[in-house]
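**Q** I have a structure I would like to understand better, so I am pasting it below and will then ask my questions one at a time.
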Amino acid sequence: NAGVTQTPKFQVLKTGQSMTLQCAQDMNHEYMSWYRQDPGMGLRLIHYSVGAGITDQGEVPNGYNVSRSTTEDFPLRLLSAAPSQTSVYFCASSRTGRLPTDTQYFGPGTRLTVL
Amino acid sequence: LAKTTQPISMDSYEGQEVNITCSHNNIATNDYITWYQQFPSQGPRFIIQGYKTKVTNEVASLFIPADRKSSTLSLPRVSLSDTAVYYCLVGLAYSGAGSYQLTFGKGTKLSVIP
């Protein structure tokens with residue numbers, strides 16, 4: 001299993017540009033989520049999904065869109081990039097997301113810089 | 001959601017045992033205690049989880065006293081490769097749609113010195 005994969009690893013955008021961060025998992029997990037991590041901070045939840053066709057907002061959803069058309073993929077879209085979105089983005093998945101004992105598996109991250 | 005308090009940073013020499021304590025005074029009856037490890041430029045990785053007493057796996061041990069108001073992650077004989085940030089998570093926040101989310105604090109930055 002490849003686990004959770006993310007592309008690209010690095011990205012530089014100009015303010016106002018849009019882009020999609022890709023996330024895929026091959027573990028047949030129902031639950032997938034996106035976090036952002038800023039320097040010296042913990043991870044903050046952006047959006048999550050409990051299954052194909054179901055998404056919802058996390059703690060910091062503004063400026064981001066998600067969709068879940070398949071179990072495997074959970075792309076994160078930046079509609080109009082802003083410098084405040086400069087961060088490291090992590091995608092994670094877990095078997096169901098409904099049990100406190102579900103382990104979350106994280107991808108390697110995408111480092112995004114918005115100029 | 002139980003608030004957790006853990007040291008911001010710790011230093012240790014190679015070969016020593018490291019204990020990182022996390023305080024969670026308002027832990028709920030159903031809450032589990034989970035620790036994640038994050039190396040620089042990588043995503044967090046699950047280390048260990050427990051509910052009470054002691055849990056041990058190939059990586060670490062987790063000690064939880066009877067009142068469960070604190071927990072201690074123990075890393076035996078650390079090496080340079082154990083330099084990382086360690087997060088203590090207690091309980092899960094209900095996200096809606098029957099799911100739960102992890103809530104990460106700032107963690108403890110462990111630096112292992114040769």
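Lettering and numbering for the structure tokens are positional, with chains as A, B, ... in the shown order, residues counted from 1 in each chain, and ligands counted from 1 in the shown order.
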Find the residues of chain B in contact range of chain A, meaning any atom within 12 Å when counting only C-alpha atoms, and list them as a ChimeraX atom specification.
**A** /B:8-9,30-51,85-109
**Q** So which residues touch region 27-29 of chain B within 9 Å, counting only C-alpha atoms, skipping near sequence neighbours fewer than 3 positions away, as a PyMOL selection string?
**A** chain B and resi 1-4+24+32+68-70+90-91
**Q** Export N, CA, C and O atoms of the chosen residues as a compact mmCIF listing (two decimals), in the first residue's frame?
**A**
```
# COMPACT_ATOMS: atom_id res chain seq x y z
N LEU B 1 -14.30 19.06 24.97
CA LEU B 1 -13.04 18.46 24.57
C LEU B 1 -12.00 18.77 25.64
O LEU B 1 -11.81 19.92 26.02
N ALA B 2 -11.32 17.74 26.13
CA ALA B 2 -10.35 17.93 27.20
C ALA B 2 -9.16 18.75 26.71
O ALA B 2 -8.56 18.46 25.69
N LYS B 3 -8.80 19.78 27.52
CA LYS B 3 -7.63 20.59 27.19
C LYS B 3 -6.40 19.84 27.69
O LYS B 3 -6.41 19.26 28.78
N THR B 4 -5.34 19.89 26.90
CA THR B 4 -4.11 19.22 27.29
C THR B 4 -3.00 20.23 27.48
O THR B 4 -2.95 21.26 26.80
N HIS B 24 -4.27 16.49 31.55
CA HIS B 24 -5.62 16.62 30.98
C HIS B 24 -6.62 16.45 32.10
O HIS B 24 -7.27 15.41 32.23
N TYR B 32 -10.15 8.58 25.01
CA TYR B 32 -8.89 7.88 24.91
C TYR B 32 -7.74 8.90 24.86
O TYR B 32 -7.95 10.06 24.52
N ARG B 68 -6.56 9.25 35.65
CA ARG B 68 -6.50 9.60 34.21
C ARG B 68 -6.36 11.09 33.96
O ARG B 68 -6.59 11.55 32.85
N LYS B 69 -5.96 11.86 34.92
CA LYS B 69 -5.82 13.31 34.71
C LYS B 69 -4.49 13.69 34.09
O LYS B 69 -4.21 14.86 33.82
N SER B 70 -3.64 12.72 33.90
CA SER B 70 -2.39 12.96 33.20
C SER B 70 -1.97 11.66 32.53
O SER B 70 -2.56 10.60 32.80
N VAL B 90 -6.32 14.15 23.56
CA VAL B 90 -7.26 13.50 24.47
C VAL B 90 -8.67 13.71 23.95
O VAL B 90 -9.12 14.83 23.78
N GLY B 91 -9.34 12.62 23.73
CA GLY B 91 -10.70 12.70 23.24
C GLY B 91 -10.74 13.15 21.79
O GLY B 91 -9.74 13.49 21.18
```
**Q** Work out how far CA of Cys23 (chain A) is from CA of Ser80 (chain A), in Å to one decimal.
**A**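 These two atoms are separated by 19.5 Å.
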**Q** So, counting only C-alpha atoms, which residue among B:Leu62, B:Val55, B:Val112, B:Leu73 is closest to Asn19 (chain B)?
**A** B:Leu73
**Q** When you look at region 66-72 of chain A with a cut-off of 8 Å (counting only C-alpha atoms), what residues show up, excluding the ones that are within fewer than 2 positions of it in the same chain? I need them as an NGL selection string.
**A** :A and (24-26 or 28-30 or 47 or 49 or 51-55 or 64 or 74-77)
**Q** Go ahead and save the residues from that selection, with N, CA and C atoms, as an mmCIF file, in the first residue's frame.
**A**
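Wrote result08.cif, looks like this:
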```cif
data_model
loop_
_atom_site.group_PDB
_atom_site.id
_atom_site.type_symbol
_atom_site.label_atom_id
_atom_site.label_comp_id
_atom_site.auth_asym_id
_atom_site.auth_seq_id
_atom_site.Cartn_x
_atom_site.Cartn_y
_atom_site.Cartn_z
ATOM 1 N N ALA A 24 -4.773 11.276 -2.265
ATOM 2 C CA ALA A 24 -5.336 9.964 -2.574
ATOM 3 C C ALA A 24 -4.889 8.957 -1.521
ATOM 4 N N GLN A 25 -5.771 7.995 -1.241
ATOM 5 C CA GLN A 25 -5.409 6.908 -0.316
ATOM 6 C C GLN A 25 -5.881 5.584 -0.907
ATOM 7 N N ASP A 26 -5.117 4.537 -0.629
ATOM 8 C CA ASP A 26 -5.423 3.225 -1.205
ATOM 9 C C ASP A 26 -5.770 2.219 -0.122
ATOM 10 N N ASN A 28 -8.858 2.107 1.324
ATOM 11 C CA ASN A 28 -10.318 1.992 1.358
ATOM 12 C C ASN A 28 -10.913 2.646 2.613
ATOM 13 N N HIS A 29 -10.303 3.740 3.031
ATOM 14 C CA HIS A 29 -10.793 4.461 4.199
ATOM 15 C C HIS A 29 -11.989 5.319 3.853
ATOM 16 N N GLU A 30 -12.944 5.338 4.784
ATOM 17 C CA GLU A 30 -14.129 6.169 4.572
ATOM 18 C C GLU A 30 -13.844 7.638 4.873
ATOM 19 N N HIS A 47 -11.327 20.919 6.069
ATOM 20 C CA HIS A 47 -12.531 20.219 5.626
ATOM 21 C C HIS A 47 -12.339 18.733 5.875
ATOM 22 N N SER A 49 -14.381 14.600 5.190
ATOM 23 C CA SER A 49 -15.404 13.825 4.474
ATOM 24 C C SER A 49 -15.552 12.459 5.142
ATOM 25 N N GLY A 51 -17.306 10.033 3.703
ATOM 26 C CA GLY A 51 -17.545 9.061 2.649
ATOM 27 C C GLY A 51 -17.767 9.777 1.327
ATOM 28 N N ALA A 52 -17.766 9.010 0.243
ATOM 29 C CA ALA A 52 -17.957 9.592 -1.083
ATOM 30 C C ALA A 52 -19.262 10.371 -1.119
ATOM 31 N N GLY A 53 -19.185 11.574 -1.635
ATOM 32 C CA GLY A 53 -20.363 12.423 -1.766
ATOM 33 C C GLY A 53 -20.722 13.228 -0.534
ATOM 34 N N ILE A 54 -19.965 13.058 0.561
ATOM 35 C CA ILE A 54 -20.279 13.751 1.818
ATOM 36 C C ILE A 54 -19.054 14.540 2.277
ATOM 37 N N THR A 55 -19.210 15.850 2.391
ATOM 38 C CA THR A 55 -18.127 16.676 2.914
ATOM 39 C C THR A 55 -18.691 17.677 3.914
ATOM 40 N N TYR A 64 -11.385 27.712 0.867
ATOM 41 C CA TYR A 64 -11.097 26.367 0.374
ATOM 42 C C TYR A 64 -12.394 25.634 0.018
ATOM 43 N N PHE A 74 -9.540 12.979 -2.520
ATOM 44 C CA PHE A 74 -10.137 14.077 -1.766
ATOM 45 C C PHE A 74 -9.342 15.351 -2.062
ATOM 46 N N PRO A 75 -9.589 15.980 -3.202
ATOM 47 C CA PRO A 75 -8.830 17.174 -3.576
ATOM 48 C C PRO A 75 -9.279 18.411 -2.809
ATOM 49 N N LEU A 76 -8.315 19.292 -2.567
ATOM 50 C CA LEU A 76 -8.572 20.569 -1.889
ATOM 51 C C LEU A 76 -8.316 21.689 -2.884
ATOM 52 N N ARG A 77 -9.309 22.531 -3.083
ATOM 53 C CA ARG A 77 -9.191 23.618 -4.050
ATOM 54 C C ARG A 77 -9.051 24.968 -3.355
#
```
